[in-house]
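A.B. asks: So that you have it, the file is upload_28.cif, and it contains mmCIF, C-alpha atoms and all ligand atoms:
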```cif
data_input
#
loop_
_atom_site.label_atom_id
_atom_site.label_comp_id
_atom_site.auth_asym_id
_atom_site.auth_seq_id
_atom_site.Cartn_x
_atom_site.Cartn_y
_atom_site.Cartn_z
CA VAL A 9 9.49 1.74 6.08
CA ARG A 10 11.11 4.74 7.64
CA ASP A 11 10.02 5.39 11.25
CA GLY A 12 7.38 2.73 11.63
CA ILE A 13 6.11 -0.77 11.15
CA LEU A 14 4.11 -1.44 8.04
CA GLU A 15 1.84 -4.39 7.40
CA ILE A 16 0.87 -5.22 3.84
CA ARG A 17 -2.20 -7.39 3.43
CA ARG A 18 -4.99 -8.23 1.01
CA VAL A 19 -7.78 -5.69 0.92
CA GLU A 20 -11.09 -6.65 2.56
CA ALA A 21 -14.64 -5.41 1.92
CA ALA A 22 -14.44 -3.82 5.39
CA ASP A 23 -11.70 -1.48 4.09
CA ALA A 24 -14.21 0.26 1.81
CA GLU A 25 -14.17 3.55 3.72
CA SER A 26 -10.36 3.89 3.72
CA VAL A 27 -10.19 2.75 0.12
CA ALA A 28 -12.81 5.35 -0.88
CA SER A 29 -10.74 8.06 0.78
CA LEU A 30 -7.57 6.91 -1.02
CA LEU A 31 -9.38 6.72 -4.37
CA ALA A 32 -10.61 10.29 -3.88
CA GLN A 33 -6.99 11.38 -3.34
CA LEU A 34 -6.12 9.68 -6.60
CA GLY A 35 -8.87 11.63 -8.39
CA TYR A 36 -11.55 8.93 -8.51
CA PRO A 37 -14.14 9.95 -5.89
CA ALA A 38 -16.80 7.34 -5.15
CA SER A 39 -19.19 6.59 -2.32
CA VAL A 40 -18.32 3.94 0.28
CA ASP A 41 -21.18 1.79 -1.07
CA GLU A 42 -19.85 1.97 -4.61
CA VAL A 43 -16.35 1.10 -3.45
CA GLU A 44 -17.67 -1.80 -1.39
CA ARG A 45 -19.43 -3.22 -4.46
CA ARG A 46 -16.30 -2.81 -6.59
CA LEU A 47 -14.19 -4.47 -3.90
CA GLU A 48 -16.55 -7.43 -3.69
CA ARG A 49 -16.37 -7.84 -7.46
CA LEU A 50 -12.58 -7.68 -7.44
CA LEU A 51 -12.29 -10.05 -4.48
CA ALA A 52 -14.14 -12.66 -6.54
CA SER A 53 -11.71 -12.31 -9.43
CA GLU A 54 -8.75 -14.70 -9.61
CA ALA A 55 -6.88 -12.34 -11.90
CA ASP A 56 -6.95 -9.39 -9.52
CA VAL A 57 -5.13 -8.70 -6.27
CA GLN A 58 -5.63 -5.57 -4.20
CA LEU A 59 -3.24 -4.83 -1.36
CA VAL A 60 -3.33 -2.23 1.39
CA ALA A 61 -0.57 -0.94 3.63
CA VAL A 62 -1.49 -0.57 7.28
CA THR A 63 0.37 1.27 10.01
CA ASP A 64 -0.91 1.76 13.57
CA GLY A 65 -4.18 0.17 12.53
CA GLU A 66 -4.73 2.76 9.78
CA VAL A 67 -4.88 1.95 6.06
CA VAL A 68 -2.36 4.33 4.49
CA GLY A 69 -1.82 2.93 1.02
CA LEU A 70 -3.47 1.00 -1.78
CA VAL A 71 -2.26 -0.82 -4.87
CA GLY A 72 -3.69 -3.29 -7.37
CA LEU A 73 -2.28 -6.03 -9.55
CA GLN A 74 -4.08 -7.45 -12.56
CA VAL A 75 -2.64 -10.58 -14.09
CA GLY A 76 -3.49 -11.19 -17.72
CA LEU A 77 -2.56 -13.39 -20.65
CA ALA A 78 -1.09 -11.94 -23.84
CA LEU A 79 -0.24 -13.21 -27.29
CA GLU A 80 3.07 -11.41 -27.19
CA TYR A 81 4.46 -13.57 -24.38
CA ASP A 82 4.40 -17.16 -23.17
CA GLU A 83 4.01 -15.99 -19.59
CA PRO A 84 1.27 -13.81 -18.12
CA VAL A 85 1.88 -10.09 -17.63
CA GLY A 86 1.13 -8.04 -14.54
CA LYS A 87 -0.47 -4.62 -14.59
CA LEU A 88 0.06 -2.44 -11.56
CA SER A 89 -2.85 -0.08 -10.89
CA GLU A 90 -4.38 2.42 -8.47
CA LEU A 91 -1.27 3.11 -6.43
CA VAL A 92 -1.94 5.81 -3.88
CA ILE A 93 -0.52 6.66 -0.47
CA GLU A 94 -2.41 8.67 2.16
CA GLU A 95 -1.22 12.27 1.89
CA GLY A 96 0.36 12.53 5.34
CA HIS A 97 2.26 9.26 4.84
CA ARG A 98 4.02 9.94 1.55
CA GLY A 99 7.78 9.99 1.25
CA ARG A 100 8.46 7.39 3.93
CA GLY A 101 8.76 4.27 1.84
CA VAL A 102 5.15 3.06 1.81
CA GLY A 103 4.84 3.33 -1.99
CA ARG A 104 8.12 1.48 -2.52
CA ALA A 105 6.99 -1.28 -0.13
CA LEU A 106 3.60 -1.70 -1.86
CA VAL A 107 5.17 -1.91 -5.32
CA ALA A 108 7.69 -4.45 -4.00
CA ALA A 109 4.80 -6.54 -2.65
CA VAL A 110 3.03 -6.38 -6.03
CA GLU A 111 6.27 -7.38 -7.75
CA ARG A 112 6.63 -10.41 -5.46
CA GLU A 113 3.04 -11.46 -6.17
CA ALA A 114 3.51 -10.98 -9.93
CA ARG A 115 6.67 -13.14 -9.84
CA ARG A 116 4.86 -15.75 -7.76
CA ARG A 117 2.17 -15.92 -10.47
CA GLY A 118 4.80 -16.35 -13.16
CA CYS A 119 4.50 -12.93 -14.79
CA CYS A 120 7.35 -12.01 -17.12
CA LEU A 121 6.87 -8.28 -16.69
CA LEU A 122 5.10 -5.67 -14.66
CA TYR A 123 3.74 -2.55 -16.37
CA LEU A 124 1.60 0.41 -15.49
CA THR A 125 0.04 3.43 -17.08
CA THR A 126 0.12 6.86 -15.52
CA ALA A 127 -1.36 10.20 -16.54
CA ALA A 128 1.05 12.60 -18.23
CA ARG A 129 0.36 15.23 -15.57
CA ARG A 130 1.54 13.03 -12.66
CA LYS A 131 5.15 14.20 -12.77
CA ASP A 132 5.81 13.21 -9.14
CA ALA A 133 4.64 9.68 -9.79
CA HIS A 134 6.87 9.44 -12.88
CA ALA A 135 9.91 10.41 -10.81
CA PHE A 136 8.90 7.84 -8.19
CA TYR A 137 8.52 5.01 -10.73
CA GLU A 138 11.89 5.78 -12.30
CA ARG A 139 13.48 5.90 -8.85
CA ILE A 140 12.21 2.41 -8.03
CA GLY A 141 13.36 0.78 -11.24
CA PHE A 142 10.65 1.29 -13.87
CA GLU A 143 11.52 2.54 -17.32
CA GLU A 144 9.34 4.89 -19.38
CA THR A 145 8.57 3.09 -22.63
CA GLY A 146 5.49 4.63 -24.23
CA LYS A 147 2.34 6.67 -24.20
CA ARG A 148 -1.20 5.85 -23.19
CA PHE A 149 -4.24 6.61 -25.36
CA VAL A 150 -7.72 6.41 -23.88
CA LYS A 151 -11.18 6.50 -25.45
CA THR A 152 -13.99 6.86 -22.95
CA LEU A 153 -16.85 4.47 -23.80
CA ALA A 154 -19.39 5.09 -21.04
C1 LIG B 201 3.65 8.50 -6.02
C2 LIG B 201 3.44 7.84 -4.66
C3 LIG B 201 2.65 6.56 -4.85
C4 LIG B 201 4.82 7.51 -4.06
O1 LIG B 201 4.66 6.85 -2.82
P1 LIG B 201 5.53 7.28 -1.55
O2 LIG B 201 5.22 6.38 -0.43
O3 LIG B 201 5.34 8.73 -1.32
O4 LIG B 201 7.01 7.04 -2.09
P2 LIG B 201 8.24 6.36 -1.29
O5 LIG B 201 8.43 7.11 -0.02
O6 LIG B 201 8.06 4.90 -1.20
O7 LIG B 201 9.42 6.70 -2.29
C5 LIG B 201 10.27 5.70 -2.86
C6 LIG B 201 11.42 6.40 -3.54
O8 LIG B 201 10.95 7.26 -4.58
C7 LIG B 201 11.40 8.58 -4.36
N1 LIG B 201 10.34 9.53 -4.69
C8 LIG B 201 9.06 9.52 -4.24
N2 LIG B 201 8.38 10.57 -4.76
C9 LIG B 201 9.27 11.23 -5.52
C10 LIG B 201 9.20 12.44 -6.31
N3 LIG B 201 8.07 13.14 -6.40
N4 LIG B 201 10.30 12.84 -6.96
C11 LIG B 201 11.46 12.15 -6.87
N5 LIG B 201 11.59 11.02 -6.14
C12 LIG B 201 10.52 10.57 -5.49
C13 LIG B 201 11.67 8.67 -2.88
O9 LIG B 201 12.63 9.68 -2.62
C14 LIG B 201 12.18 7.29 -2.57
O10 LIG B 201 13.54 7.18 -2.90
P3 LIG B 201 14.57 6.42 -1.88
O11 LIG B 201 13.81 5.24 -1.31
O12 LIG B 201 15.66 6.00 -2.75
O13 LIG B 201 14.90 7.43 -0.86
C15 LIG B 201 2.70 8.76 -3.67
O14 LIG B 201 3.41 9.95 -3.52
C16 LIG B 201 1.26 9.09 -4.04
O15 LIG B 201 0.35 8.45 -3.57
N6 LIG B 201 1.05 10.13 -4.88
C17 LIG B 201 -0.28 10.57 -5.27
C18 LIG B 201 -1.02 9.55 -6.11
C19 LIG B 201 -0.27 9.13 -7.36
O16 LIG B 201 0.25 9.95 -8.10
N7 LIG B 201 -0.25 7.82 -7.61
C20 LIG B 201 0.34 7.23 -8.80
C21 LIG B 201 -0.70 7.12 -9.85
S1 LIG B 201 -0.04 6.45 -11.35
#
```
Output the structure of this file as structure tokens.
C.D. replies:
Amino acid sequence: VRDGILEIRRVEAADAESVASLLAQLGYPASVDEVERRLERLLASEADVQLVAVTDGEVVGLVGLQVGLALEYDEPVGKLSELVIEEGHRGRGVGRALVAAVEREARRRGCCLLYLTTAARRKDAHAFYERIGFEETGKRFVKTLA
């Protein structure tokens, strides 16, 4: 990344506090306890990978990959989720580096494509995804069940 060394590693339950802060910045506030429980659940799942970006000992970014099977393809597909960079660390290549790491992991697991959904209001994120090689192909419809 620009002006600094960045480590990208698997998330750990001990990252719950930083992860909670990042999730709040993404619009999903939750307590540290709740996040810790969700992390433990995800860490036990083979299909899910959560990565964090760390610089100077501080967690500054988060991203998830969910690998799933589909009838449309022979190979599994990868869904990129929950990408968020700490506010003071945006615009220096951390997001690009995290997505590249997810892409490597998705390729390693044999995925034939990587996709994501993003809210219509997140114009900045749309510009970012296009800049790093994603193509806009559709809309997302959601029905809240709980
Ligand atoms: C969107 C987000 C993840 C991008 O991460 P980032 O670390 O700031 O982005 P990077 O510095 O890695 O940018 C990578 C490239 O995208 C470009 N880019 C980033 N944001 C952009 C924007 N708003 N408009 C146009 N280009 C943009 C950068 O200029 C850079 O291009 P370059 O490498 O060719 O110079 C980050 O800003 C963020 O966390 N936003 C709030 C949460 C969010 O919207 N998450 C996505 C939910 S779907």
A.B. asks: Distance limit 6 Å, reference ligand LIG 201 (chain B), atoms considered: all atoms listed in the file. Which residues make the cut? Give them as a compact mmCIF listing (two decimals) with C-alpha atoms, in the frame of the given file.
C.D. replies:
```
# COMPACT_ATOMS: atom_id res chain seq x y z
CA LEU A 34 -6.12 9.68 -6.60
CA LEU A 91 -1.27 3.11 -6.43
CA VAL A 92 -1.94 5.81 -3.88
CA ILE A 93 -0.52 6.66 -0.47
CA ARG A 98 4.02 9.94 1.55
CA GLY A 99 7.78 9.99 1.25
CA ARG A 100 8.46 7.39 3.93
CA GLY A 101 8.76 4.27 1.84
CA VAL A 102 5.15 3.06 1.81
CA GLY A 103 4.84 3.33 -1.99
CA ARG A 104 8.12 1.48 -2.52
CA THR A 126 0.12 6.86 -15.52
CA ARG A 130 1.54 13.03 -12.66
CA ASP A 132 5.81 13.21 -9.14
CA ALA A 133 4.64 9.68 -9.79
CA ALA A 135 9.91 10.41 -10.81
CA PHE A 136 8.90 7.84 -8.19
CA ARG A 139 13.48 5.90 -8.85
```
A.B. asks: Taking all atoms listed in the file into account, name the residue in A:Lys131, A:Lys151, A:Arg17, A:Arg10 that is nearest to Val110 (chain A).
C.D. replies: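 Looking only at the distances to Val110 (chain A), the closest residue turns out to be A:Arg17.
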A.B. asks: Which of these, A:Ala128, A:Leu106, A:Val62, A:Leu122, has the shortest distance to Lys87 (chain A) once you count all atoms listed in the file?
C.D. replies: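 Of A:Ala128, A:Leu106, A:Val62, A:Leu122, the one nearest Lys87 (chain A), counting all atoms listed in the file, is A:Leu122.
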A.B. asks: Choose the residue, out of A:Ile16, A:Ser26, A:Gln74, A:Leu79, that has the smallest atom-to-atom separation from Leu50 (chain A); count all atoms listed in the file.
C.D. replies: A:Gln74
A.B. asks: Could you give me, as a list in words, the residues within 10 Å of Tyr81 (chain A), counting all atoms listed in the file and dropping anything in the same chain fewer than 2 positions from it?
C.D. replies: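 Returned residues: Leu77, Ala78, Leu79, Glu83, Pro84, Val85, Cys119, Cys120 and Leu121 of chain A.
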A.B. asks: Distance CA of Ile13 (chain A)-CA of Val60 (chain A), one decimal place?
C.D. replies: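 Atom-to-atom, CA of Ile13 (chain A) and CA of Val60 (chain A) are spaced 13.7 Å apart.
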A.B. asks: With distances taken over all atoms listed in the file, which of A:Ser29, A:Thr145, A:Thr125, A:Thr152 is nearest to Val43 (chain A)?
C.D. replies: A:Ser29
A.B. asks: Which residue gives the smallest distance to Val40 (chain A) among A:Leu59, A:His97, A:Glu25, A:Arg112, with only C-alpha atoms counted?
C.D. replies: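 Using only C-alpha atoms, the shortest distance to Val40 (chain A) belongs to A:Glu25.
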A.B. asks: Restricting the calculation to only C-alpha atoms, which member of A:Leu70, A:Leu31, A:Ala61, A:Ala127 is positioned closest to Phe149 (chain A)?
C.D. replies: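 Of A:Leu70, A:Leu31, A:Ala61, A:Ala127, the one nearest Phe149 (chain A), counting only C-alpha atoms, is A:Ala127.
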A.B. asks: Could you give me, as a ChimeraX atom specification, the residues within 6 Å of Gln58 (chain A), counting all atoms listed in the file and dropping anything in the same chain fewer than 3 positions from it?
C.D. replies: /A:18-19,71-72
A.B. asks: Between CA of Tyr123 (chain A) and CA of Ser89 (chain A), what is the spacing in Å?
C.D. replies: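 CA of Tyr123 (chain A) lies at a distance of 8.9 Å from CA of Ser89 (chain A).
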